[in-house]
Each structure stands twice: as C-alpha cells, then as structure tokens.
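As provided, start-v1.txt (compact mmCIF, C-alpha atoms and all ligand atoms) reads as follows.
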# COMPACT_ATOMS: atom_id res chain seq x y z
CA MET P 984 -117.96 36.02 2.66
CA PHE P 985 -120.17 38.26 0.58
CA ARG P 986 -123.03 38.15 3.03
CA PHE P 987 -120.91 39.89 5.67
CA ALA P 988 -120.35 42.93 3.52
CA PRO P 989 -123.38 44.93 4.72
CA LEU P 990 -122.39 44.38 8.32
CA ILE P 991 -118.86 45.60 7.77
CA SER P 992 -120.05 48.73 6.06
CA ALA P 993 -122.51 49.29 8.91
CA LEU P 994 -119.61 48.98 11.33
CA VAL P 995 -117.79 51.74 9.54
CA VAL P 996 -120.95 53.80 9.79
CA VAL P 997 -121.24 53.31 13.53
CA ILE P 998 -117.67 53.83 14.59
CA GLY P 999 -116.60 56.27 11.89
CA SER P 1000 -117.25 59.85 12.86
CA ALA P 1001 -118.81 62.49 10.67
CA THR P 1002 -116.89 63.83 7.71
CA PRO P 1003 -114.67 66.69 8.84
CA GLY P 1004 -115.57 69.99 7.29
CA LEU P 1005 -119.34 69.60 7.47
CA SER P 1006 -120.69 71.82 10.19
CA GLN P 1007 -124.04 71.43 11.82
CA ASP P 1008 -126.93 73.81 11.44
CA ALA P 1009 -129.89 73.36 13.77
CA THR P 1010 -132.08 75.79 11.79
CA ALA P 1011 -131.56 73.82 8.61
CA GLY P 1012 -132.18 70.70 10.72
CA GLU P 1013 -135.63 71.94 11.65
CA ALA P 1014 -136.52 71.91 7.94
CA VAL P 1015 -135.01 68.44 7.54
CA PHE P 1016 -137.19 67.28 10.43
CA LYS P 1017 -140.22 67.62 8.11
CA LYS P 1018 -139.12 64.27 6.68
CA CYS P 1019 -139.37 62.71 10.12
CA LYS P 1020 -142.80 64.19 10.86
CA ALA P 1021 -144.65 61.40 9.09
CA CYS P 1022 -143.75 59.27 12.08
CA HIS P 1023 -142.36 61.50 14.85
CA GLN P 1024 -143.64 64.50 16.79
CA ILE P 1025 -141.82 67.12 18.84
CA GLY P 1026 -143.12 69.74 21.25
CA ALA P 1027 -145.36 70.20 24.26
CA ASP P 1028 -148.35 68.30 22.82
CA ALA P 1029 -146.28 65.68 21.02
CA LYS P 1030 -147.78 62.19 20.92
CA ASN P 1031 -146.30 58.88 19.89
CA GLY P 1032 -147.25 57.95 16.34
CA VAL P 1033 -145.70 55.32 14.10
CA GLY P 1034 -142.48 56.33 15.86
CA PRO P 1035 -141.87 57.63 19.39
CA VAL P 1036 -141.97 61.28 20.51
CA LEU P 1037 -138.52 62.78 19.86
CA THR P 1038 -138.65 65.81 22.19
CA GLY P 1039 -135.42 65.76 24.20
CA VAL P 1040 -134.21 62.55 22.57
CA ILE P 1041 -130.56 63.65 22.78
CA GLY P 1042 -129.39 62.52 26.21
CA ARG P 1043 -132.30 60.12 26.56
CA PRO P 1044 -131.78 56.37 26.92
CA ALA P 1045 -132.73 54.58 23.70
CA GLY P 1046 -136.17 53.04 23.76
CA SER P 1047 -137.49 55.17 26.64
CA ALA P 1048 -140.32 57.37 25.26
CA ASP P 1049 -143.26 56.99 27.59
CA GLY P 1050 -145.92 54.58 26.37
CA TYR P 1051 -144.27 53.75 23.04
CA ARG P 1052 -143.86 50.09 22.11
CA TYR P 1053 -140.39 49.69 20.69
CA GLY P 1054 -139.11 46.83 18.63
CA LYS P 1055 -137.09 44.21 20.44
CA GLY P 1056 -133.79 45.44 19.02
CA LEU P 1057 -134.09 49.04 20.12
CA ALA P 1058 -135.41 47.99 23.52
CA ALA P 1059 -132.41 45.67 23.92
CA ALA P 1060 -130.04 48.48 22.93
CA GLY P 1061 -131.58 50.70 25.64
CA GLU P 1062 -131.17 47.93 28.21
CA LYS P 1063 -127.56 47.56 27.11
CA GLY P 1064 -127.02 51.21 28.02
CA LEU P 1065 -127.42 53.09 24.73
CA VAL P 1066 -128.01 56.80 25.42
CA TRP P 1067 -128.62 58.98 22.36
CA THR P 1068 -125.95 61.54 21.48
CA GLU P 1069 -126.03 63.69 18.35
CA GLU P 1070 -123.44 61.45 16.75
CA LEU P 1071 -125.31 58.25 17.57
CA VAL P 1072 -128.57 59.64 16.19
CA THR P 1073 -126.69 60.68 13.04
CA ASN P 1074 -125.47 57.10 12.69
CA PHE P 1075 -128.85 55.57 13.54
CA VAL P 1076 -130.76 57.49 10.85
CA THR P 1077 -128.15 56.43 8.28
CA ASP P 1078 -129.26 52.82 8.59
CA PRO P 1079 -131.39 51.86 11.62
CA ASN P 1080 -131.11 48.10 11.05
CA GLY P 1081 -127.37 48.18 10.44
CA PHE P 1082 -126.87 50.38 13.50
CA LEU P 1083 -128.69 47.92 15.77
CA GLN P 1084 -126.94 44.93 14.19
CA VAL P 1085 -123.56 46.40 15.05
CA TYR P 1086 -124.54 47.79 18.44
CA LEU P 1087 -126.10 44.51 19.54
CA ASP P 1088 -123.61 42.35 17.64
CA ASP P 1089 -126.57 40.52 16.18
CA PRO P 1090 -126.78 40.22 12.36
CA LYS P 1091 -130.54 39.60 12.62
CA ALA P 1092 -131.41 42.67 14.69
CA LYS P 1093 -133.89 45.00 13.04
CA SER P 1094 -135.54 48.28 13.84
CA LYS P 1095 -139.17 49.25 13.38
CA MET P 1096 -137.85 52.40 11.72
CA SER P 1097 -137.61 51.64 8.02
CA PHE P 1098 -136.68 55.19 7.01
CA LYS P 1099 -133.08 56.13 6.13
CA LEU P 1100 -131.80 59.67 5.75
CA LYS P 1101 -129.38 59.59 2.84
CA ASP P 1102 -127.72 63.01 2.92
CA GLU P 1103 -124.95 63.41 5.48
CA LYS P 1104 -125.40 67.17 5.95
CA ASP P 1105 -129.11 66.57 6.58
CA ARG P 1106 -128.25 63.96 9.19
CA LEU P 1107 -125.88 66.29 11.05
CA ASP P 1108 -128.35 69.16 10.89
CA VAL P 1109 -131.34 67.19 12.09
CA ALA P 1110 -129.33 65.81 15.03
CA ALA P 1111 -128.32 69.38 15.94
CA TYR P 1112 -131.97 70.40 15.76
CA LEU P 1113 -133.05 67.51 18.00
CA ALA P 1114 -130.48 68.66 20.57
CA THR P 1115 -132.28 72.01 20.81
CA THR P 1116 -135.53 70.37 21.91
CA THR P 1117 -135.72 69.65 25.60
CA ASP P 1118 -138.20 67.89 27.77
CA ALA P 1119 -137.38 67.23 31.41
CA ASP P 1120 -140.15 64.65 31.65
CA ALA P 1121 -138.92 62.70 28.68
CA ALA P 1122 -135.38 62.65 30.07
CA ALA P 1123 -136.65 61.09 33.26
CA ALA P 1124 -139.01 58.66 31.53
CA GLN P 1125 -138.45 55.02 32.24
CA PRO P 1126 -139.12 52.33 29.66
CA GLU P 1127 -142.53 50.75 30.17
CA PRO P 1128 -142.01 47.11 31.02
CA ALA P 1129 -143.49 45.06 28.20
CA PRO P 1130 -146.39 43.00 29.49
CA GLU P 1131 -145.32 39.39 29.73
CA GLU P 1132 -146.91 37.36 26.92
CA THR P 1133 -147.65 33.98 28.41
CA ARG P 1134 -149.80 32.59 25.62
CA THR P 1135 -148.21 30.53 22.86
CA VAL P 1136 -148.16 31.81 19.28
CA GLU P 1137 -151.02 29.47 18.36
CA GLU P 1138 -153.07 30.54 21.38
CA VAL P 1139 -152.70 34.22 20.48
CA ILE P 1140 -153.81 33.45 16.93
CA ASP P 1141 -156.79 31.41 18.17
CA ASP P 1142 -157.84 34.24 20.49
CA GLN P 1143 -158.32 36.77 17.69
CA VAL P 1144 -161.87 37.83 16.99
CA PHE P 1145 -162.54 40.54 14.43
CA THR P 1146 -165.90 42.26 14.69
CA GLU P 1147 -167.35 44.45 11.94
CA ASP P 1148 -167.01 47.41 14.30
CA PHE P 1149 -163.32 46.74 14.86
CA LEU P 1150 -162.62 46.40 11.15
CA ALA P 1151 -164.59 49.54 10.31
CA ASP P 1152 -162.99 51.73 13.03
CA PRO P 1153 -161.14 54.55 11.22
CA ALA P 1154 -158.53 54.75 14.02
CA ASN P 1155 -157.60 51.09 13.49
CA ILE P 1156 -157.50 51.51 9.72
CA LYS P 1157 -155.29 54.60 10.08
CA THR P 1158 -152.80 52.83 12.39
CA GLY P 1159 -152.67 49.83 10.08
CA LYS P 1160 -152.24 52.02 7.02
CA ASP P 1161 -149.27 53.84 8.56
CA ILE P 1162 -147.57 50.53 9.28
CA TRP P 1163 -148.42 49.18 5.83
CA PHE P 1164 -146.66 52.10 4.14
CA ALA P 1165 -143.75 52.12 6.60
CA GLN P 1166 -143.05 48.42 6.40
CA CYS P 1167 -145.11 46.16 4.15
CA THR P 1168 -144.61 48.08 0.91
CA HIS P 1169 -140.95 47.07 0.90
CA CYS P 1170 -142.20 43.74 -0.47
CA HIS P 1171 -145.93 44.17 -1.15
CA GLY P 1172 -147.64 47.06 -2.85
CA PHE P 1173 -147.71 48.63 -6.26
CA LYS P 1174 -144.15 49.91 -5.99
CA ALA P 1175 -142.71 46.48 -5.14
CA TYR P 1176 -144.59 44.25 -7.64
CA PRO P 1177 -143.56 42.16 -9.36
CA GLY P 1178 -140.89 41.16 -6.97
CA LYS P 1179 -140.40 40.07 -3.46
CA ALA P 1180 -143.92 39.08 -2.54
CA PRO P 1181 -147.24 38.05 -4.04
CA LYS P 1182 -149.84 40.74 -4.71
CA LEU P 1183 -152.31 40.51 -1.85
CA LYS P 1184 -155.87 39.53 -2.73
CA ALA P 1185 -157.37 41.17 0.31
CA GLY P 1186 -160.99 40.37 -0.56
CA LYS P 1187 -160.27 36.66 -0.44
CA TYR P 1188 -158.73 36.57 3.02
CA LYS P 1189 -160.49 36.14 6.31
CA PRO P 1190 -159.22 38.69 8.86
CA GLU P 1191 -157.94 35.82 11.01
CA PHE P 1192 -155.80 34.59 8.11
CA VAL P 1193 -154.18 38.00 7.64
CA PHE P 1194 -153.48 38.18 11.37
CA LYS P 1195 -151.89 34.73 11.34
CA ARG P 1196 -149.62 35.48 8.38
CA VAL P 1197 -148.45 38.78 9.84
CA TYR P 1198 -148.10 37.51 13.43
CA LYS P 1199 -146.49 34.18 12.67
CA GLY P 1200 -144.99 34.60 9.18
CA PHE P 1201 -145.00 31.88 6.54
CA LYS P 1202 -142.08 30.70 4.40
CA LYS P 1203 -140.50 33.93 3.10
CA MET P 1204 -143.08 36.17 4.74
CA PRO P 1205 -141.39 37.48 7.90
CA ALA P 1206 -143.11 37.12 11.29
CA TRP P 1207 -143.86 40.58 12.68
CA ARG P 1208 -144.83 39.65 16.24
CA ASP P 1209 -141.52 40.91 17.68
CA SER P 1210 -141.80 44.21 15.83
CA TYR P 1211 -145.46 45.07 16.38
CA SER P 1212 -147.84 44.61 19.27
CA ILE P 1213 -150.92 42.43 18.92
CA ASP P 1214 -153.03 45.61 18.74
CA GLU P 1215 -150.86 46.99 15.96
CA ILE P 1216 -151.09 43.75 14.00
CA ARG P 1217 -154.88 43.78 14.48
CA ALA P 1218 -154.87 47.33 13.08
CA ILE P 1219 -152.90 46.12 10.04
CA VAL P 1220 -155.66 43.54 9.49
CA ALA P 1221 -158.28 46.30 9.65
CA TYR P 1222 -156.40 48.26 6.98
CA VAL P 1223 -155.84 45.26 4.68
CA LYS P 1224 -159.57 44.42 4.93
CA SER P 1225 -160.69 48.04 4.49
CA PRO P 1226 -162.24 49.28 1.22
CA GLY P 1227 -159.38 51.79 0.85
CA PHE P 1228 -156.65 49.16 0.86
CA SER P 1229 -154.51 49.24 -2.27
CA PRO P 1230 -152.41 46.10 -2.69
C1 LIG F 1301 -141.59 55.77 8.41
C2 LIG F 1301 -141.61 56.19 9.80
C3 LIG F 1301 -140.38 56.90 10.34
C4 LIG F 1301 -139.71 57.98 9.81
C5 LIG F 1301 -140.00 58.74 8.53
C6 LIG F 1301 -138.67 58.30 10.76
N1 LIG F 1301 -138.70 57.43 11.81
FE1 LIG F 1301 -137.47 57.46 13.44
N2 LIG F 1301 -138.46 55.86 14.21
C7 LIG F 1301 -139.53 55.22 13.61
C8 LIG F 1301 -139.91 54.08 14.40
C9 LIG F 1301 -141.03 53.10 14.06
C10 LIG F 1301 -139.03 54.07 15.52
C11 LIG F 1301 -138.98 53.03 16.62
C12 LIG F 1301 -137.90 52.05 16.19
C13 LIG F 1301 -137.87 50.72 16.93
O1 LIG F 1301 -138.60 50.55 17.93
O2 LIG F 1301 -137.12 49.85 16.47
C14 LIG F 1301 -138.13 55.21 15.36
C15 LIG F 1301 -137.12 55.54 16.26
C16 LIG F 1301 -136.29 56.63 16.15
C17 LIG F 1301 -135.30 57.01 17.10
C18 LIG F 1301 -135.01 56.32 18.42
C19 LIG F 1301 -135.87 57.01 19.48
C20 LIG F 1301 -135.85 56.42 20.86
O3 LIG F 1301 -136.71 56.82 21.66
O4 LIG F 1301 -134.99 55.57 21.18
C21 LIG F 1301 -134.69 58.14 16.63
C22 LIG F 1301 -133.57 58.91 17.29
C23 LIG F 1301 -135.32 58.44 15.37
N3 LIG F 1301 -136.29 57.52 15.11
C24 LIG F 1301 -134.99 59.54 14.60
C25 LIG F 1301 -135.59 59.84 13.36
C26 LIG F 1301 -135.26 61.00 12.58
C27 LIG F 1301 -134.25 62.05 12.97
C28 LIG F 1301 -136.03 60.94 11.44
C29 LIG F 1301 -136.03 61.88 10.25
C30 LIG F 1301 -134.75 62.13 9.65
C31 LIG F 1301 -136.85 59.75 11.55
N4 LIG F 1301 -136.56 59.11 12.73
C32 LIG F 1301 -137.78 59.34 10.60
C33 LIG F 1301 -140.15 55.58 12.44
C34 LIG F 1301 -139.74 56.57 11.60
C1 LIG F 1302 -139.43 41.03 3.33
C2 LIG F 1302 -140.56 41.03 2.43
C3 LIG F 1302 -141.96 41.09 3.05
C4 LIG F 1302 -142.44 42.08 3.88
C5 LIG F 1302 -141.72 43.32 4.40
C6 LIG F 1302 -143.83 41.72 4.14
N1 LIG F 1302 -144.15 40.58 3.47
FE1 LIG F 1302 -145.99 39.68 3.42
N2 LIG F 1302 -145.26 38.18 2.28
C7 LIG F 1302 -143.97 38.11 1.79
C8 LIG F 1302 -143.83 36.88 1.01
C9 LIG F 1302 -142.56 36.43 0.28
C10 LIG F 1302 -145.09 36.23 1.04
C11 LIG F 1302 -145.46 34.88 0.41
C12 LIG F 1302 -145.12 33.79 1.40
C13 LIG F 1302 -145.25 32.43 0.78
O1 LIG F 1302 -146.42 32.03 0.51
O2 LIG F 1302 -144.21 31.83 0.57
C14 LIG F 1302 -145.96 37.07 1.85
C15 LIG F 1302 -147.28 36.77 2.13
C16 LIG F 1302 -148.16 37.58 2.82
C17 LIG F 1302 -149.56 37.28 3.07
C18 LIG F 1302 -150.30 36.02 2.63
C19 LIG F 1302 -150.65 36.15 1.17
C20 LIG F 1302 -151.31 34.93 0.58
O3 LIG F 1302 -152.06 35.13 -0.42
O4 LIG F 1302 -151.08 33.81 1.05
C21 LIG F 1302 -150.07 38.34 3.76
C22 LIG F 1302 -151.50 38.53 4.24
C23 LIG F 1302 -148.99 39.30 3.96
N3 LIG F 1302 -147.85 38.81 3.38
C24 LIG F 1302 -149.11 40.52 4.59
C25 LIG F 1302 -148.06 41.37 4.91
C26 LIG F 1302 -148.18 42.55 5.73
C27 LIG F 1302 -149.48 43.08 6.29
C28 LIG F 1302 -146.92 43.07 5.86
C29 LIG F 1302 -146.47 44.29 6.69
C30 LIG F 1302 -146.60 44.11 8.14
C31 LIG F 1302 -146.01 42.23 5.10
N4 LIG F 1302 -146.74 41.21 4.55
C32 LIG F 1302 -144.66 42.48 4.96
C33 LIG F 1302 -142.96 39.02 1.99
C34 LIG F 1302 -143.03 40.16 2.80
Show how you would write the structure in this file as structure tokens.
Amino acid sequence: MFRFAPLISALVVVIGSATPGLSQDATAGEAVFKKCKACHQIGADAKNGVGPVLTGVIGRPAGSADGYRYGKGLAAAGEKGLVWTEELVTNFVTDPNGFLQVYLDDPKAKSKMSFKLKDEKDRLDVAAYLATTTDADAAAAQPEPAPEETRTVEEVIDDQVFTEDFLADPANIKTGKDIWFAQCTHCHGFKAYPGKAPKLKAGKYKPEFVFKRVYKGFKKMPAWRDSYSIDEIRAIVAYVKSPGFSP
C-alpha cells in the first residue's frame, strides 16, 4: 500500500483548492518569477528555453507553446483538454510529476519540469503574475504535431554520428548543460554522489555510448527518449564530452 501514498497526496494537491486566507499578489509574483527564469521567458521577445515561453499561459491549452517540444505527459494532458487556469498552474508547480500522474491517471507519467515551488504564497502570486501577461498569438497557437519517428530504437542509435564540430559547438554544450542540471543531477553529479547513480567517467565514454545510455536507458538508468528529442539528447552528449563537464 505504501507505494500509493505519493499519488494520494498528489490527488489532494490537484483537487484541493488553495488555503483560504492567502490572497494573491501579482507584483510579488513578478519577483517570484525570477525563480522560473532559468527555464522560462515572458514578453515580446520571449523564446523557448529549457521550458516553453510562458507569455499568456493562463487560458492557453497545456503543451501548446509554438515550437516547443513537450514531454509526452504534458502533451497528452493538452490533448485530453487541459487548459491552464491560475489554480491549475498553482497545482502544477507544486509537483509537476504528481500533477500529471493524477490528471492522466497514470502513475508513471512524468514532466520535463523538475522544478517545484515549495511556498504556497509564492505559487499563488506567480500564477497571478502569469495571468497579467497576455499574448494573442500564444493563445491561438496550436501544438506542433510531433514528427512521426518511424525508426526503431536501435536504428536511431546506429544513425548517430558525432563530429568534432558538433561536440565543440557551444550552443550544443549549453543546451546539454541546461538539461544536465535540470534533470541528470537528481542522480548524477557532485550533489547526488554517493547515491543513486555511478559517478560518470566522461573521458572514458565514446559519444555514441553516452547517447545510447541516455536514449535507451540501462538497468536503473531511465530512458530519456520520451522526455527529450534526439537533438536534445545529442546536445547532452556534447555537454558530457565537453571539457567543462563536471560529473
Ligand atoms: C529547471 C527548469 C524549470 C524551472 C526552474 C521552471 N520550469 Fe516550468 N517547465 C519546465 C519544462 C522543461 C517544462 C515543460 C514540461 C513538459 O514538457 O513536461 C515546463 C512547463 C511549465 C508549464 C506548462 C506550460 C505549457 O505550455 O503547458 C508551466 C505553467 C510552468 N512550467 C510554470 C513554471 C513556473 C511558474 C515556474 C517558476 C515558479 C517554473 N515553471 C519553473 C522547466 C522549468
Ligand atoms: C533516476 C536516476 C537517474 C537519472 C535522473 C539519470 N541517471 Fe544516468 N544512470 C543512473 C543509474 C542508476 C546508472 C547506472 C546503470 C547501471 O549500470 O545499472 C546510470 C548510468 C548512466 C550512464 C552510463 C554510465 C556507465 O559508466 O556505464 C550515463 C552515460 C548516464 N547515466 C547519463 C545520464 C544523463 C546524461 C542523465 C540526464 C539526462 C542521466 N543519466 C539521468 C541513474 C540516473
């Protein structure tokens, strides 16, 4: 029974409404949004980063920022009809994985967003702030249909070629680094050792090996091919093989 406990608490999070007595403050929320800025942008020139553009996200169907590659779970939630309200965003940032697990009724659902906002007042305020940002284009944006992947897992792995130029490209290293710190350091990395995963010996690996482990997974190493695009996983390889990589 114990293993169901997280799901039940997530359920309370999703259906329970905000604590009465806490009022929302959009101005304070703008300051809270600094915590989101590592991954999200807002405004006229906003671009997708690790996370999608959040201009006008309140009232927008989940998973619909133009050109952003969402994880399977969030995309499925959008297809199921999820439209962001302030309350839903408040619940989502409490625990993105738990939120999707309850919404999709799938205990394995996970979000690419690994960040959780712990303070309830902050959550209410940041949702109020997001509601003040509007973007007519974003509201009308349709989800980009994911290109159909017809190759098998092994074929994708076999197709990977890593040139020196690709591995040395600062843009690739930057993208990979952002994902490393958003995701991989939960198990790898100086903060996690010793613990959930072996310390990576990056110098010893061929780039193709790193791609295979990340794309396909191995034993307790999760497969990330449903969470990240092939290009993103290639960028992770560039970061792991870069001189600046710190395991
Ligand atoms: C470490 C990076 C990171 C941080 C920090 C972060 N997010 Fe996210 N966020 C993501 C990613 C990645 C996604 C896409 C999730 C997916 O596809 O599963 C996302 C998705 C979202 C979505 C859904 C958007 C949509 O178009 O459906 C909302 C809402 C959101 N984040 C709000 C926030 C707020 C508010 C904060 C700050 C309190 C925040 N995020 C902080 C990475 C982050
Ligand atoms: C949930 C914990 C977890 C997360 C998150 C995680 N890993 Fe792992 N990883 C593992 C475990 C456990 C192993 C060892 C698997 C085994 O050999 O049983 C591993 C192994 C690996 C290996 C092979 C190491 C070797 O010497 O054989 C690579 C490369 C790797 N991970 C990269 C990554 C990257 C890059 C990310 C981020 C996209 C990531 N991992 C995220 C748990 C994790």
Determine, using all atoms listed in the file, which residues of stretch 1004-1029 of chain P have any atom at most 12 Å from an atom of stretch 1069-1083 of chain P, and tabulate each with its shortest atom pair and distance in Å to one decimal place, rows ordered by chain and then rising number, as JSON lines.
{"residue": "P:Gln1007", "atom": "CA", "partner": "P:Glu1069", "partner_atom": "CA", "distance": 10.3}
{"residue": "P:Ala1009", "atom": "CA", "partner": "P:Glu1069", "partner_atom": "CA", "distance": 11.4}
{"residue": "P:Gly1012", "atom": "CA", "partner": "P:Thr1073", "partner_atom": "CA", "distance": 11.7}
{"residue": "P:Phe1016", "atom": "CA", "partner": "P:Val1076", "partner_atom": "CA", "distance": 11.7}
{"residue": "P:Lys1018", "atom": "CA", "partner": "P:Val1076", "partner_atom": "CA", "distance": 11.5}
{"residue": "P:Cys1019", "atom": "CA", "partner": "P:Val1076", "partner_atom": "CA", "distance": 10.1}
request  = Would you work out the distance separating atom C30 of ligand LIG 1302 (chain F) from atom CA of P:Ile1216, expressed in Å to one decimal?
outcome  =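 Interatomic distance here is 7.4 Å.
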task = Mind checking which residues fall within 12 Å of P:Thr1115, counting all atoms listed in the file, ignoring those fewer than 2 positions away in the same chain, and posting them as a list in words?
result =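 The neighbour list is Asp1008, Ala1009, Thr1010, Gly1012, Glu1013, Ile1025, Gly1026, Leu1037, Thr1038, Gly1039, Val1040, Ile1041, Gly1042, Glu1069, Asp1108, Val1109, Ala1110, Ala1111, Tyr1112, Leu1113, Thr1117 and Asp1118 of chain P.
Take atom CA of P:His1169 and atom CA of P:Lys1030: the distance between them is 26.0 Å.
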task = Name the closest residue to ligand LIG 1301 (chain F) among the candidates P:Ala1011, P:Ile1219, P:Ile1162, P:Val1144; distances are taken between atoms, counting all atoms listed in the file.
result =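 Selected residue with least distance to ligand LIG 1301 (chain F): P:Ile1162.
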task = Kindly indicate which residue among P:Ala1154, P:Cys1022, P:Cys1167, P:Leu1107 lies nearest to P:Ser1006, using all atoms listed in the file for the distances.
result =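 Of P:Ala1154, P:Cys1022, P:Cys1167, P:Leu1107, the one nearest P:Ser1006, counting all atoms listed in the file, is P:Leu1107.
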query = Between P:Leu1057, P:Ala1014, P:Ala1027, P:Leu1087, which one has atoms that come closest to ligand LIG 1301 (chain F), using only C-alpha atoms and all ligand atoms?
reply = P:Leu1057
Assuming the input is short of atoms at stretch 1172-1199 of chain P, produce N, CA and C atoms for that part as a PDB file, in the coordinates of the input.
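After the write, selection.pdb holds the following:
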ATOM      1  N   GLY P1172    -147.246  45.710  -2.459  1.00  0.00           N
ATOM      2  CA  GLY P1172    -147.640  47.060  -2.850  1.00  0.00           C
ATOM      3  C   GLY P1172    -147.203  47.392  -4.252  1.00  0.00           C
ATOM      4  N   PHE P1173    -147.880  48.354  -4.830  1.00  0.00           N
ATOM      5  CA  PHE P1173    -147.710  48.630  -6.260  1.00  0.00           C
ATOM      6  C   PHE P1173    -146.280  48.972  -6.630  1.00  0.00           C
ATOM      7  N   LYS P1174    -145.519  49.552  -5.649  1.00  0.00           N
ATOM      8  CA  LYS P1174    -144.150  49.910  -5.990  1.00  0.00           C
ATOM      9  C   LYS P1174    -143.245  48.683  -6.040  1.00  0.00           C
ATOM     10  N   ALA P1175    -143.597  47.646  -5.276  1.00  0.00           N
ATOM     11  CA  ALA P1175    -142.710  46.480  -5.140  1.00  0.00           C
ATOM     12  C   ALA P1175    -143.006  45.379  -6.163  1.00  0.00           C
ATOM     13  N   TYR P1176    -144.239  45.350  -6.726  1.00  0.00           N
ATOM     14  CA  TYR P1176    -144.590  44.250  -7.640  1.00  0.00           C
ATOM     15  C   TYR P1176    -144.033  44.507  -9.025  1.00  0.00           C
ATOM     16  N   PRO P1177    -143.685  43.535  -9.821  1.00  0.00           N
ATOM     17  CA  PRO P1177    -143.560  42.160  -9.360  1.00  0.00           C
ATOM     18  C   PRO P1177    -142.228  42.041  -8.641  1.00  0.00           C
ATOM     19  N   GLY P1178    -142.163  41.223  -7.667  1.00  0.00           N
ATOM     20  CA  GLY P1178    -140.890  41.160  -6.970  1.00  0.00           C
ATOM     21  C   GLY P1178    -140.904  40.244  -5.785  1.00  0.00           C
ATOM     22  N   LYS P1179    -140.750  40.859  -4.626  1.00  0.00           N
ATOM     23  CA  LYS P1179    -140.400  40.070  -3.460  1.00  0.00           C
ATOM     24  C   LYS P1179    -141.572  39.292  -2.885  1.00  0.00           C
ATOM     25  N   ALA P1180    -142.776  39.695  -3.210  1.00  0.00           N
ATOM     26  CA  ALA P1180    -143.920  39.080  -2.540  1.00  0.00           C
ATOM     27  C   ALA P1180    -145.110  39.035  -3.473  1.00  0.00           C
ATOM     28  N   PRO P1181    -146.036  38.101  -3.205  1.00  0.00           N
ATOM     29  CA  PRO P1181    -147.240  38.050  -4.040  1.00  0.00           C
ATOM     30  C   PRO P1181    -148.121  39.269  -3.809  1.00  0.00           C
ATOM     31  N   LYS P1182    -148.865  39.655  -4.861  1.00  0.00           N
ATOM     32  CA  LYS P1182    -149.840  40.740  -4.710  1.00  0.00           C
ATOM     33  C   LYS P1182    -150.977  40.233  -3.815  1.00  0.00           C
ATOM     34  N   LEU P1183    -151.297  40.981  -2.796  1.00  0.00           N
ATOM     35  CA  LEU P1183    -152.310  40.510  -1.850  1.00  0.00           C
ATOM     36  C   LEU P1183    -153.707  40.602  -2.470  1.00  0.00           C
ATOM     37  N   LYS P1184    -154.474  39.534  -2.269  1.00  0.00           N
ATOM     38  CA  LYS P1184    -155.870  39.530  -2.730  1.00  0.00           C
ATOM     39  C   LYS P1184    -156.741  39.680  -1.499  1.00  0.00           C
ATOM     40  N   ALA P1185    -156.792  40.918  -1.007  1.00  0.00           N
ATOM     41  CA  ALA P1185    -157.370  41.170   0.310  1.00  0.00           C
ATOM     42  C   ALA P1185    -158.795  40.653   0.448  1.00  0.00           C
ATOM     43  N   GLY P1186    -159.595  40.777  -0.630  1.00  0.00           N
ATOM     44  CA  GLY P1186    -160.990  40.370  -0.560  1.00  0.00           C
ATOM     45  C   GLY P1186    -161.157  38.885  -0.242  1.00  0.00           C
ATOM     46  N   LYS P1187    -160.170  38.111  -0.619  1.00  0.00           N
ATOM     47  CA  LYS P1187    -160.270  36.660  -0.440  1.00  0.00           C
ATOM     48  C   LYS P1187    -159.926  36.193   0.970  1.00  0.00           C
ATOM     49  N   TYR P1188    -159.217  37.035   1.728  1.00  0.00           N
ATOM     50  CA  TYR P1188    -158.730  36.570   3.020  1.00  0.00           C
ATOM     51  C   TYR P1188    -159.741  36.835   4.117  1.00  0.00           C
ATOM     52  N   LYS P1189    -159.792  35.869   5.048  1.00  0.00           N
ATOM     53  CA  LYS P1189    -160.490  36.140   6.310  1.00  0.00           C
ATOM     54  C   LYS P1189    -159.547  36.993   7.155  1.00  0.00           C
ATOM     55  N   PRO P1190    -160.097  37.880   8.007  1.00  0.00           N
ATOM     56  CA  PRO P1190    -159.220  38.690   8.860  1.00  0.00           C
ATOM     57  C   PRO P1190    -158.258  37.829   9.694  1.00  0.00           C
ATOM     58  N   GLU P1191    -158.764  36.704  10.174  1.00  0.00           N
ATOM     59  CA  GLU P1191    -157.940  35.820  11.010  1.00  0.00           C
ATOM     60  C   GLU P1191    -156.730  35.303  10.236  1.00  0.00           C
ATOM     61  N   PHE P1192    -156.914  35.076   8.933  1.00  0.00           N
ATOM     62  CA  PHE P1192    -155.800  34.590   8.110  1.00  0.00           C
ATOM     63  C   PHE P1192    -154.722  35.666   7.985  1.00  0.00           C
ATOM     64  N   VAL P1193    -155.151  36.903   7.761  1.00  0.00           N
ATOM     65  CA  VAL P1193    -154.180  38.000   7.640  1.00  0.00           C
ATOM     66  C   VAL P1193    -153.414  38.140   8.954  1.00  0.00           C
ATOM     67  N   PHE P1194    -154.150  38.068  10.073  1.00  0.00           N
ATOM     68  CA  PHE P1194    -153.480  38.180  11.370  1.00  0.00           C
ATOM     69  C   PHE P1194    -152.423  37.079  11.520  1.00  0.00           C
ATOM     70  N   LYS P1195    -152.807  35.869  11.175  1.00  0.00           N
ATOM     71  CA  LYS P1195    -151.890  34.730  11.340  1.00  0.00           C
ATOM     72  C   LYS P1195    -150.629  34.907  10.506  1.00  0.00           C
ATOM     73  N   ARG P1196    -150.804  35.303   9.248  1.00  0.00           N
ATOM     74  CA  ARG P1196    -149.620  35.480   8.380  1.00  0.00           C
ATOM     75  C   ARG P1196    -148.693  36.563   8.924  1.00  0.00           C
ATOM     76  N   VAL P1197    -149.284  37.658   9.383  1.00  0.00           N
ATOM     77  CA  VAL P1197    -148.450  38.780   9.840  1.00  0.00           C
ATOM     78  C   VAL P1197    -147.825  38.446  11.198  1.00  0.00           C
ATOM     79  N   TYR P1198    -148.591  37.796  12.070  1.00  0.00           N
ATOM     80  CA  TYR P1198    -148.100  37.510  13.430  1.00  0.00           C
ATOM     81  C   TYR P1198    -147.049  36.406  13.410  1.00  0.00           C
ATOM     82  N   LYS P1199    -147.323  35.372  12.612  1.00  0.00           N
ATOM     83  CA  LYS P1199    -146.490  34.180  12.670  1.00  0.00           C
ATOM     84  C   LYS P1199    -145.530  34.059  11.496  1.00  0.00           C
TER      85      LYS P1199
END
